[in-house]
Every structure is written in C-alpha cells, then in structure tokens.
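Source file run.txt; content: compact mmCIF, C-alpha atoms.
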# COMPACT_ATOMS: atom_id res chain seq x y z
CA MET A 1001 -6.39 -18.16 12.64
CA GLY A 1002 -9.07 -15.46 12.74
CA LEU A 1003 -9.77 -13.12 9.87
CA LEU A 1004 -9.73 -9.40 10.65
CA MET A 1005 -12.65 -7.80 8.82
CA THR A 1006 -12.09 -4.40 7.20
CA THR A 1007 -14.32 -1.67 5.85
CA ARG A 1008 -14.01 0.06 2.50
CA SER A 1009 -11.94 2.76 4.18
CA GLY A 1010 -9.24 0.18 4.83
CA PHE A 1011 -9.20 -0.18 8.61
CA ALA A 1012 -10.54 -2.95 10.78
CA THR A 1013 -13.99 -3.16 12.31
CA GLY A 1014 -12.76 -5.22 15.25
CA GLU A 1015 -14.61 -8.38 14.19
CA ARG A 1016 -12.81 -11.69 13.76
CA ILE A 1017 -14.35 -14.81 12.22
CA ILE A 1018 -13.18 -17.77 14.33
CA GLY A 1019 -14.42 -21.12 13.11
CA ARG A 1020 -18.18 -20.66 12.67
CA ARG A 1021 -18.72 -17.92 15.22
CA ALA A 1022 -18.07 -14.21 15.04
CA GLU A 1023 -16.24 -12.52 17.89
CA THR A 1024 -16.57 -8.74 18.15
CA ARG A 1025 -13.56 -7.07 19.72
CA MET A 1026 -13.24 -3.54 20.95
CA PRO A 1027 -11.63 -1.45 18.18
CA ARG A 1028 -8.34 0.18 19.10
CA ILE A 1029 -7.05 3.67 18.41
CA LEU A 1030 -3.58 5.09 19.13
CA PHE A 1031 -3.09 8.81 19.66
CA LEU A 1032 0.43 10.18 19.21
CA ALA A 1033 0.65 13.55 20.93
CA SER A 1034 2.97 15.82 22.88
CA THR A 1035 2.34 14.49 26.38
CA THR A 1036 4.96 16.61 28.13
CA ALA A 1037 4.91 19.93 26.26
CA LEU A 1038 2.32 22.66 26.83
CA ALA A 1039 -0.69 21.83 24.64
CA HIS A 1040 -2.16 24.42 22.25
CA ASN A 1041 -5.66 22.99 22.65
CA ASP A 1042 -7.42 20.16 24.50
CA ASN A 1043 -7.61 17.68 21.60
CA HIS A 1044 -5.19 15.33 23.39
CA GLU A 1045 -7.78 14.95 26.17
CA ARG A 1046 -11.06 15.62 24.37
CA LEU A 1047 -10.62 13.21 21.45
CA PRO A 1048 -9.38 10.17 23.41
CA ALA A 1049 -12.28 10.67 25.84
CA ALA A 1050 -14.76 10.77 22.95
CA PHE A 1051 -13.45 7.52 21.49
CA ARG A 1052 -13.50 5.84 24.92
CA ALA A 1053 -17.13 6.90 25.35
CA ALA A 1054 -17.90 5.31 21.97
CA GLY A 1055 -16.48 1.97 23.10
CA TRP A 1056 -12.95 2.14 21.73
CA ASP A 1057 -9.80 0.88 23.44
CA VAL A 1058 -7.70 4.06 23.54
CA THR A 1059 -3.93 4.38 23.94
CA VAL A 1060 -2.07 7.70 24.13
CA ARG A 1061 1.69 7.88 23.58
CA ASP A 1062 4.18 10.70 23.15
CA HIS A 1063 5.46 11.43 19.64
CA ASP A 1064 9.00 10.59 20.70
CA GLU A 1065 8.03 7.10 21.88
CA VAL A 1066 7.88 5.93 18.24
CA TYR A 1067 10.71 3.57 17.29
CA ILE A 1068 11.47 0.60 15.03
CA SER A 1069 12.75 -2.82 16.06
CA GLY A 1070 12.94 -5.99 13.99
CA GLY A 1071 11.16 -4.26 11.14
CA ARG A 1072 8.13 -3.37 13.27
CA VAL A 1073 7.08 0.10 14.40
CA PHE A 1074 6.35 0.62 18.10
CA ALA A 1075 5.00 3.46 20.24
CA GLY A 1076 6.44 2.76 23.65
CA ALA A 1077 7.68 -0.60 24.89
CA GLY A 1078 5.49 -3.45 23.71
CA THR A 1079 2.97 -1.25 21.87
CA THR A 1080 3.00 -2.34 18.22
CA VAL A 1081 1.51 0.41 16.09
CA GLU A 1082 0.32 -2.01 13.39
CA ASP A 1083 -2.06 -3.62 15.90
CA PHE A 1084 -4.31 -0.55 16.06
CA ASN A 1085 -7.35 -0.01 13.87
CA ARG A 1086 -6.71 3.72 13.78
CA VAL A 1087 -3.66 5.92 14.44
CA TRP A 1088 -4.11 9.65 15.00
CA VAL A 1089 -1.02 11.87 14.97
CA LEU A 1090 -2.00 14.99 16.94
CA GLY A 1091 0.45 17.77 16.15
CA LEU A 1092 3.89 17.62 14.61
CA GLY A 1093 5.96 17.04 17.74
CA ARG A 1094 9.55 18.18 18.13
CA ALA A 1095 11.21 19.52 14.99
CA ALA A 1096 14.45 17.67 15.84
CA THR A 1097 12.71 14.27 15.62
CA PHE A 1098 10.04 15.04 13.03
CA LEU A 1099 11.70 13.58 9.92
CA ASP A 1100 12.64 10.30 11.62
CA ARG A 1101 9.16 9.85 13.05
CA MET A 1102 7.49 10.55 9.72
CA GLN A 1103 9.74 8.03 7.98
CA LEU A 1104 8.82 5.37 10.54
CA LEU A 1105 5.09 6.08 10.41
CA GLU A 1106 5.19 6.07 6.60
CA ARG A 1107 5.84 2.31 6.88
CA LEU A 1108 2.30 1.77 8.22
CA PRO A 1109 -0.80 1.20 6.05
CA GLN A 1110 -1.72 4.83 5.48
CA SER A 1111 -5.45 4.08 5.39
CA ALA A 1112 -5.24 3.44 9.15
CA LEU A 1113 -3.98 6.97 9.84
CA VAL A 1114 -6.53 9.71 10.38
CA THR A 1115 -4.15 12.01 8.52
CA PRO A 1116 -1.65 10.24 6.24
CA ILE A 1117 2.02 11.04 6.63
CA HIS A 1118 2.37 12.56 3.16
CA ALA A 1119 -0.34 15.06 4.12
CA LEU A 1120 1.34 16.01 7.39
CA VAL A 1121 4.60 16.58 5.53
CA TYR A 1122 3.38 18.25 2.35
CA GLN A 1123 -0.13 19.60 2.90
CA HIS A 1124 0.04 21.03 6.41
CA ALA A 1125 1.55 24.16 4.93
CA LYS A 1126 0.31 27.39 3.44
CA TYR A 1127 2.10 26.61 0.17
CA ALA A 1128 -0.06 23.57 -0.57
CA TRP A 1129 -3.28 25.59 -0.57
CA SER A 1130 -2.02 28.85 -2.10
CA HIS A 1131 -4.20 28.35 -5.20
CA TYR A 1132 -7.20 29.19 -2.99
CA MET A 1133 -5.51 32.01 -1.06
CA PRO A 1134 -5.03 35.71 -1.74
CA GLU A 1135 -1.88 36.60 -3.69
CA THR A 1136 0.95 34.94 -1.77
CA HIS A 1137 4.75 35.00 -2.06
CA GLY A 1138 7.12 32.90 0.06
CA GLY A 1139 10.88 32.71 0.55
CA LEU A 1140 13.74 33.75 2.80
CA ASP A 1141 15.13 36.69 0.79
CA ALA A 1142 13.39 39.82 2.07
CA ASP A 1143 14.41 41.91 -0.95
CA VAL A 1144 13.06 39.38 -3.45
CA LEU A 1145 9.77 39.12 -1.59
CA ALA A 1146 9.42 42.88 -1.06
CA ALA A 1147 9.88 43.44 -4.80
CA CYS A 1148 6.55 41.63 -5.27
CA ALA A 1149 4.69 44.23 -3.19
CA ASP A 1150 2.89 47.25 -4.59
CA ASP A 1151 1.60 50.26 -2.62
CA GLY A 1152 -1.37 48.35 -1.23
CA ASP A 1153 -1.83 46.59 2.09
CA TRP A 1154 0.01 43.35 2.77
CA VAL A 1155 0.45 40.87 5.59
CA VAL A 1156 3.82 39.42 6.57
CA LYS A 1157 3.63 36.12 8.44
CA PRO A 1158 5.76 33.10 9.35
CA THR A 1159 5.21 29.96 7.28
CA ALA A 1160 4.56 27.75 10.29
CA GLY A 1161 3.24 30.16 12.89
CA SER A 1162 0.11 29.81 15.00
CA PHE A 1163 -2.15 31.92 17.20
CA GLY A 1164 -1.44 35.03 15.12
CA ARG A 1165 2.10 35.34 16.43
CA GLY A 1166 4.48 37.17 14.13
CA VAL A 1167 1.70 38.36 11.79
CA VAL A 1168 2.14 42.00 10.76
CA ARG A 1169 0.09 44.24 8.46
CA VAL A 1170 2.11 46.65 6.32
CA ARG A 1171 1.54 49.13 3.49
CA GLY A 1172 3.92 49.50 0.56
CA ARG A 1173 7.20 47.96 -0.50
CA GLU A 1174 9.56 49.53 2.02
CA ALA A 1175 7.41 48.66 5.02
CA ALA A 1176 7.09 45.15 3.64
CA ARG A 1177 10.87 44.87 3.28
CA ALA A 1178 11.45 45.92 6.90
CA ALA A 1179 8.86 43.47 8.21
CA LEU A 1180 10.24 40.69 6.02
CA GLN A 1181 13.77 41.28 7.27
CA GLU A 1182 12.46 40.62 10.75
CA ALA A 1183 10.24 37.68 9.75
CA THR A 1184 13.02 35.91 7.81
CA GLY A 1185 15.62 36.48 10.51
CA LYS A 1186 17.66 38.31 7.86
CA GLY A 1187 17.56 35.39 5.49
CA THR A 1188 17.72 32.44 7.89
CA ARG A 1189 14.10 31.23 7.72
CA TYR A 1190 11.16 31.32 5.33
CA ALA A 1191 8.31 33.82 5.56
CA LEU A 1192 5.22 34.77 3.57
CA LEU A 1193 4.06 38.01 2.01
CA GLN A 1194 0.31 37.90 1.41
CA ARG A 1195 -2.08 40.49 0.06
CA TYR A 1196 -4.32 41.85 2.80
CA VAL A 1197 -7.95 40.72 2.64
CA PRO A 1198 -10.30 43.50 3.84
CA ALA A 1199 -13.03 40.91 4.52
CA ILE A 1200 -11.02 39.78 7.55
CA GLU A 1201 -12.29 42.90 9.36
CA ALA A 1202 -15.76 41.29 9.43
CA GLY A 1203 -14.30 38.12 10.90
CA GLU A 1204 -12.97 34.77 9.82
CA THR A 1205 -14.96 31.54 9.76
CA ARG A 1206 -13.51 28.25 10.95
CA SER A 1207 -15.10 25.02 9.73
CA LEU A 1208 -14.07 21.71 11.28
CA ILE A 1209 -14.17 18.73 8.92
CA ALA A 1210 -14.04 15.06 9.90
CA GLY A 1211 -14.09 12.52 7.10
CA ALA A 1212 -17.03 13.28 4.82
CA THR A 1213 -18.72 15.52 7.40
CA VAL A 1214 -18.53 19.24 8.12
CA ILE A 1215 -18.76 19.05 11.92
CA GLY A 1216 -19.51 22.71 12.51
CA THR A 1217 -18.63 26.32 11.70
CA TYR A 1218 -18.13 29.38 13.85
CA LEU A 1219 -17.05 32.99 13.29
CA ARG A 1220 -13.96 34.52 14.88
CA LEU A 1221 -14.28 38.29 15.18
CA PRO A 1222 -11.10 40.42 15.36
CA GLY A 1223 -9.88 41.68 18.70
CA ARG A 1224 -7.63 44.72 19.04
CA ASP A 1225 -6.38 44.52 15.45
CA PHE A 1226 -7.15 42.57 12.25
CA ARG A 1227 -6.15 39.22 13.75
CA THR A 1228 -9.07 36.94 14.57
CA ASN A 1229 -7.13 34.36 16.59
CA LEU A 1230 -8.87 33.70 19.90
CA SER A 1231 -5.46 33.92 21.59
CA GLN A 1232 -5.26 37.51 20.28
CA GLU A 1233 -8.58 38.49 21.90
CA GLY A 1234 -10.70 37.40 18.94
CA ARG A 1235 -14.32 36.58 19.83
CA PRO A 1236 -16.25 33.51 18.64
CA GLU A 1237 -19.85 33.64 17.43
CA PRO A 1238 -22.22 31.28 15.59
CA ALA A 1239 -21.87 31.44 11.81
CA THR A 1240 -23.54 30.31 8.60
CA LEU A 1241 -21.53 30.24 5.39
CA ASP A 1242 -22.86 32.12 2.37
CA PRO A 1243 -23.18 30.37 -1.03
CA LYS A 1244 -19.70 31.40 -2.23
CA GLN A 1245 -18.12 30.24 1.01
CA ARG A 1246 -19.99 26.93 0.89
CA ALA A 1247 -18.80 26.36 -2.68
CA LEU A 1248 -15.18 27.10 -1.74
CA LEU A 1249 -15.38 24.88 1.33
CA ALA A 1250 -16.83 22.07 -0.79
CA ARG A 1251 -13.89 22.25 -3.22
CA ILE A 1252 -11.36 22.19 -0.39
CA HIS A 1253 -13.26 19.37 1.33
CA GLU A 1254 -13.11 17.32 -1.86
CA GLU A 1255 -9.33 17.76 -2.03
CA LEU A 1256 -9.03 16.71 1.62
CA GLN A 1257 -11.00 13.54 0.96
CA ILE A 1258 -9.00 12.67 -2.15
CA ALA A 1259 -5.82 12.98 -0.07
CA GLY A 1260 -7.27 10.76 2.66
CA ILE A 1261 -7.17 13.55 5.25
CA GLY A 1262 -9.62 12.73 8.03
CA PHE A 1263 -9.59 15.84 10.22
CA ALA A 1264 -8.95 19.48 9.32
CA ALA A 1265 -9.90 23.07 10.04
CA VAL A 1266 -10.59 25.42 7.15
CA ASP A 1267 -10.43 29.17 7.79
CA LEU A 1268 -12.13 31.57 5.37
CA ALA A 1269 -12.29 35.37 5.21
CA GLY A 1270 -15.07 36.29 2.84
CA ASP A 1271 -14.59 34.01 -0.16
CA GLN A 1272 -10.83 33.70 0.35
CA LEU A 1273 -9.03 30.82 2.02
CA MET A 1274 -6.76 31.90 4.84
CA GLU A 1275 -5.51 28.55 6.16
CA VAL A 1276 -6.02 24.79 6.25
CA ASN A 1277 -4.82 23.21 9.49
CA LEU A 1278 -4.27 19.45 9.41
CA ALA A 1279 -1.86 18.68 12.23
CA ASN A 1280 -3.92 19.41 15.33
CA PRO A 1281 -6.65 21.94 14.60
CA GLY A 1282 -8.48 23.40 17.54
CA GLY A 1283 -12.11 24.39 17.53
CA LEU A 1284 -14.12 21.61 19.17
CA GLY A 1285 -14.10 23.43 22.48
CA THR A 1286 -15.07 26.68 20.78
CA LEU A 1287 -17.93 25.00 18.90
CA GLN A 1288 -19.20 23.70 22.24
CA GLN A 1289 -18.88 27.16 23.79
CA VAL A 1290 -20.69 28.86 20.90
CA TYR A 1291 -23.51 26.37 20.36
CA GLY A 1292 -23.91 25.00 23.88
CA ARG A 1293 -23.39 21.34 23.01
CA SER A 1294 -20.54 18.94 22.38
CA PHE A 1295 -19.51 18.00 18.83
CA ASP A 1296 -16.99 15.36 19.95
CA ALA A 1297 -19.19 12.33 19.26
CA ALA A 1298 -19.80 13.58 15.72
CA VAL A 1299 -16.05 13.39 15.07
CA VAL A 1300 -15.92 9.78 16.25
CA GLU A 1301 -18.95 8.87 14.14
CA ALA A 1302 -17.43 10.49 11.05
CA LEU A 1303 -14.10 8.69 11.42
CA ALA A 1304 -15.00 5.33 12.97
CA PRO A 1305 -16.22 2.18 11.25
CA PRO A 1306 -19.22 0.32 12.68
CA THR A 1307 -18.23 -1.58 15.83
CA GLN A 1308 -20.99 -4.17 15.62

As structure tokens, please, write out the structure in this file.
Amino acid sequence: MGLLMTTRSGFATGERIIGRRAETRMPRILFLASTTALAHNDNHERLPAAFRAAGWDVTVRDHDEVYISGGRVFAGAGTTVEDFNRVWVLGLGRAATFLDRMQLLERLPQSALVTPIHALVYQHAKYAWSHYMPETHGGLDADVLAACADDGDWVVKPTAGSFGRGVVRVRGREAARAALQEATGKGTRYALLQRYVPAIEAGETRSLIAGATVIGTYLRLPGRDFRTNLSQEGRPEPATLDPKQRALLARIHEELQIAGIGFAAVDLAGDQLMEVNLANPGGLGTLQQVYGRSFDAAVVEALAPPTQ
C-alpha cells in the first residue's frame, strides 16, 4: 500500500511512495458552493480555474450534495470528501440545511479545510470580532438596544447582511429605536447597533488574506451615502495601509492563522475594524480591476502545498 505524504499544514502533497519509486499524483481540491443560486461574486468560477491552472484536479459540488453513508461523507454520488487534499466551502449555503451540513463536514480532518467548520459557525459573525470594532450592541429587543444609544451618530445593521443592505445611519436614542424595530422585525431577529465611525467617509479598505499572505488591499470610496459597498455605488481605488492599520491587520491576521482560517477579507475604516468575512469574501475581481493584474495565482500559492 502506498503512503500518502503530508506537509506540516496537515494535507497531502499528492505523492505516494510505492515500493522504491515515488509516484506524483495530481492534488485534488473540492469546492462546495451554491451552484444553482445567484452568486454574490465570481469566486465559484475564479478560484476553481486558478487551481486547475496550477495543476490541481478540481471538483465543484453544490452545498446540498453533501451526505453521509456508511460512516463516510460524500459530496454527490461516488465523490468521497475524505479523498481530497483540500476542501473549500464557498459561502454558507441554504439556512435550512446549514446545521446538518456543518455537522457532517465537522467529521473531516479540519486541517484539510481552507476554513474549518468551527470558524464558519462561530467566527463568520460580527460578534466574534467585536473587540476590534467600534462600540457594538447586539440583540433582538429594540428597546434594550436603543437604551445603549446616546445622542451621537449610530448605525443599525443586520447581523448577517451583505452589500450594505439594511444598514441605516441614525442620530439619538429615539431614531435608533425606530430603526431597530424595523431591523429586528419587532423582536423576531437579531440586529446590531454600532457607533458611527466618521473615518468611513474617507473610505473603507479591504484586505484579502490567504494563509500567511496578505494578497492585496484596495480602498472602497462611499457612493451616494456613507456605505462603501460596491453594490451601493462605492468606487474602488488602490490603497496603502498606514502604520496603525497595518498593526491592526497584523493582529487580526494572527488570530486568523491561529484559528486555521485560510481565506478572509478584512475591512477597516481608519483604525477601526468594520468586518471580517470568512465564508466567501469577494475582492479578487476588484483587485484585478484596480491594479490591472490577476491575484488568483497568489491565492493558490498561499494555500497549496508543493506539488512536486
């Protein structure tokens, strides 16, 4: 029987020792993505293509194709997840199936996952990074949250929103209460109350991180209002982080590495953290647009073991 060689990071290099000769096999990566729903970015196409170009055997399956049989986890008929060197869960998939899928994928060696399951469940959330964020309060009782507000400027936002949807700037307690009533669905879902950061008016930086490497950073300038999301008419430009921002990014990057998180986007406004996106962060296409070159191969290099 051959011996599958592994790197220090815990996943296979694709080399088997058979008798006295070494046989190099093409490493394999499985992407789990939403193959039928409207995609929020092009990662489901861009990243598989980058790994193929680097010599990987690439398989893409829908989130809901994950199942268990005979104690083994599969992604589609005959596709055993344990046989892949790397598994990349792109996005969270359908809420109705999320918990079951996470429980199944938790059975895998987590070192093989680009983002471990515990991180997708517990750290892809604004709560997990609130120690780096402006003053933040979260809950589903609008009155309790509004009581935390003073007469300054605040932002009301959903806990799991994207593209700037549902984000409202308010001033004072009563305006906060009204916005929170709407955001919480009158007590049926969680929402956040966060102190407004004036630095956002000068733009928000997004840094993409893969493994131990900061792949690139760009600036998102606000559009019609304070929101910098490109879907809300924000404009991207090249950016260089200042010393305070670099120090903050380094601390967050260290936490990402300790948690085994292989790919993330970190958004900063001034020296304040606004968000860490782990599930399926966009930005590779924007980096290419801003700097005139592709950063895709750098992601593969940062996450892949040597293939020879």

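Counting all atoms listed in the file and comparing A:Gly1283, A:Gly1152, A:Pro1198, A:Gly1260, the residue that lies closest to A:Arg1220 is A:Gly1283.
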
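Here atom CA of A:Arg1025 is placed at a distance of 18.8 Å from atom CA of A:Ala1049.
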
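Taking atom CA of A:Ala1146 and atom CA of A:Glu1182 as endpoints, the distance between them is 12.4 Å.
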
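Between A:His1118 and the residues A:Leu1032, A:Ala1259, A:Leu1104, A:Leu1219, the shortest atom-to-atom distance, using only C-alpha atoms, involves A:Ala1259.
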
Using all atoms listed in the file, what does the table of stretch 1081-1138 of chain A residues within 9 Å of stretch 1272-1281 of chain A look like, with each row giving the shortest atom pair and its distance in Å to one decimal, sorted by chain and ascending number, as a Markdown table?
| residue | atom | partner | partner_atom | distance |
| --- | --- | --- | --- | --- |
| A:Val1089 | CA | A:Ala1279 | CA | 7.4 |
| A:Leu1090 | CA | A:Asn1280 | CA | 5.1 |
| A:Gly1091 | CA | A:Ala1279 | CA | 4.6 |
| A:Leu1092 | CA | A:Ala1279 | CA | 6.3 |
| A:Thr1115 | CA | A:Leu1278 | CA | 7.5 |
| A:Ala1119 | CA | A:Leu1278 | CA | 7.9 |
| A:Leu1120 | CA | A:Ala1279 | CA | 6.4 |
| A:Gln1123 | CA | A:Leu1278 | CA | 7.7 |
| A:His1124 | CA | A:Leu1278 | CA | 5.5 |
| A:Ala1125 | CA | A:Val1276 | CA | 7.7 |
| A:Lys1126 | CA | A:Glu1275 | CA | 6.5 |
| A:Trp1129 | CA | A:Val1276 | CA | 7.4 |
| A:Ser1130 | CA | A:Leu1273 | CA | 8.4 |
| A:Tyr1132 | CA | A:Leu1273 | CA | 5.6 |
| A:Met1133 | CA | A:Leu1273 | CA | 4.8 |
| A:Pro1134 | CA | A:Gln1272 | CA | 6.5 |

What would stretch 1262-1282 of chain A look like if you wrote it out as a PDB file, in the first residue's frame, with N, CA and C atoms included, from the block I just posted?
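Generated output (result11.pdb):
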ATOM      1  N   GLY A1262      -8.039  29.975   6.319  1.00  0.00           N
ATOM      2  CA  GLY A1262      -7.145  30.131   5.182  1.00  0.00           C
ATOM      3  C   GLY A1262      -7.461  31.272   4.242  1.00  0.00           C
ATOM      4  N   PHE A1263      -8.690  31.795   4.264  1.00  0.00           N
ATOM      5  CA  PHE A1263      -9.049  32.851   3.319  1.00  0.00           C
ATOM      6  C   PHE A1263     -10.054  33.777   3.977  1.00  0.00           C
ATOM      7  N   ALA A1264      -9.779  35.083   3.939  1.00  0.00           N
ATOM      8  CA  ALA A1264     -10.654  36.045   4.613  1.00  0.00           C
ATOM      9  C   ALA A1264     -10.472  37.424   3.999  1.00  0.00           C
ATOM     10  N   ALA A1265     -11.489  38.258   4.178  1.00  0.00           N
ATOM     11  CA  ALA A1265     -11.407  39.671   3.835  1.00  0.00           C
ATOM     12  C   ALA A1265     -11.564  40.475   5.110  1.00  0.00           C
ATOM     13  N   VAL A1266     -10.698  41.460   5.283  1.00  0.00           N
ATOM     14  CA  VAL A1266     -10.718  42.306   6.473  1.00  0.00           C
ATOM     15  C   VAL A1266     -10.982  43.738   6.029  1.00  0.00           C
ATOM     16  N   ASP A1267     -12.067  44.322   6.530  1.00  0.00           N
ATOM     17  CA  ASP A1267     -12.470  45.678   6.158  1.00  0.00           C
ATOM     18  C   ASP A1267     -12.183  46.635   7.308  1.00  0.00           C
ATOM     19  N   LEU A1268     -11.430  47.704   7.021  1.00  0.00           N
ATOM     20  CA  LEU A1268     -11.074  48.701   8.020  1.00  0.00           C
ATOM     21  C   LEU A1268     -11.554  50.075   7.584  1.00  0.00           C
ATOM     22  N   ALA A1269     -12.003  50.875   8.563  1.00  0.00           N
ATOM     23  CA  ALA A1269     -12.298  52.292   8.349  1.00  0.00           C
ATOM     24  C   ALA A1269     -11.423  53.059   9.330  1.00  0.00           C
ATOM     25  N   GLY A1270     -10.437  53.761   8.819  1.00  0.00           N
ATOM     26  CA  GLY A1270      -9.444  54.339   9.714  1.00  0.00           C
ATOM     27  C   GLY A1270      -8.732  53.209  10.442  1.00  0.00           C
ATOM     28  N   ASP A1271      -8.635  53.333  11.770  1.00  0.00           N
ATOM     29  CA  ASP A1271      -8.010  52.262  12.549  1.00  0.00           C
ATOM     30  C   ASP A1271      -9.044  51.429  13.295  1.00  0.00           C
ATOM     31  N   GLN A1272     -10.259  51.351  12.720  1.00  0.00           N
ATOM     32  CA  GLN A1272     -11.328  50.546  13.302  1.00  0.00           C
ATOM     33  C   GLN A1272     -11.677  49.394  12.358  1.00  0.00           C
ATOM     34  N   LEU A1273     -11.899  48.223  12.941  1.00  0.00           N
ATOM     35  CA  LEU A1273     -12.369  47.088  12.151  1.00  0.00           C
ATOM     36  C   LEU A1273     -13.862  47.228  11.903  1.00  0.00           C
ATOM     37  N   MET A1274     -14.269  47.029  10.664  1.00  0.00           N
ATOM     38  CA  MET A1274     -15.680  47.053  10.324  1.00  0.00           C
ATOM     39  C   MET A1274     -16.240  45.647  10.139  1.00  0.00           C
ATOM     40  N   GLU A1275     -15.445  44.747   9.539  1.00  0.00           N
ATOM     41  CA  GLU A1275     -15.956  43.397   9.298  1.00  0.00           C
ATOM     42  C   GLU A1275     -14.816  42.457   8.935  1.00  0.00           C
ATOM     43  N   VAL A1276     -14.991  41.184   9.297  1.00  0.00           N
ATOM     44  CA  VAL A1276     -14.150  40.095   8.806  1.00  0.00           C
ATOM     45  C   VAL A1276     -15.078  39.105   8.112  1.00  0.00           C
ATOM     46  N   ASN A1277     -14.846  38.876   6.839  1.00  0.00           N
ATOM     47  CA  ASN A1277     -15.678  37.957   6.060  1.00  0.00           C
ATOM     48  C   ASN A1277     -14.881  36.691   5.788  1.00  0.00           C
ATOM     49  N   LEU A1278     -15.418  35.557   6.241  1.00  0.00           N
ATOM     50  CA  LEU A1278     -14.737  34.276   6.085  1.00  0.00           C
ATOM     51  C   LEU A1278     -15.411  33.359   5.079  1.00  0.00           C
ATOM     52  N   ALA A1279     -16.708  33.491   4.919  1.00  0.00           N
ATOM     53  CA  ALA A1279     -17.475  32.474   4.195  1.00  0.00           C
ATOM     54  C   ALA A1279     -17.177  32.471   2.702  1.00  0.00           C
ATOM     55  N   ASN A1280     -17.233  33.623   2.078  1.00  0.00           N
ATOM     56  CA  ASN A1280     -16.994  33.699   0.634  1.00  0.00           C
ATOM     57  C   ASN A1280     -16.688  35.142   0.255  1.00  0.00           C
ATOM     58  N   PRO A1281     -15.589  35.675   0.780  1.00  0.00           N
ATOM     59  CA  PRO A1281     -15.322  37.103   0.570  1.00  0.00           C
ATOM     60  C   PRO A1281     -14.968  37.425  -0.871  1.00  0.00           C
ATOM     61  N   GLY A1282     -15.604  38.449  -1.394  1.00  0.00           N
ATOM     62  CA  GLY A1282     -15.254  38.931  -2.716  1.00  0.00           C
ATOM     63  C   GLY A1282     -14.072  39.880  -2.651  1.00  0.00           C
TER      64      GLY A1282
END
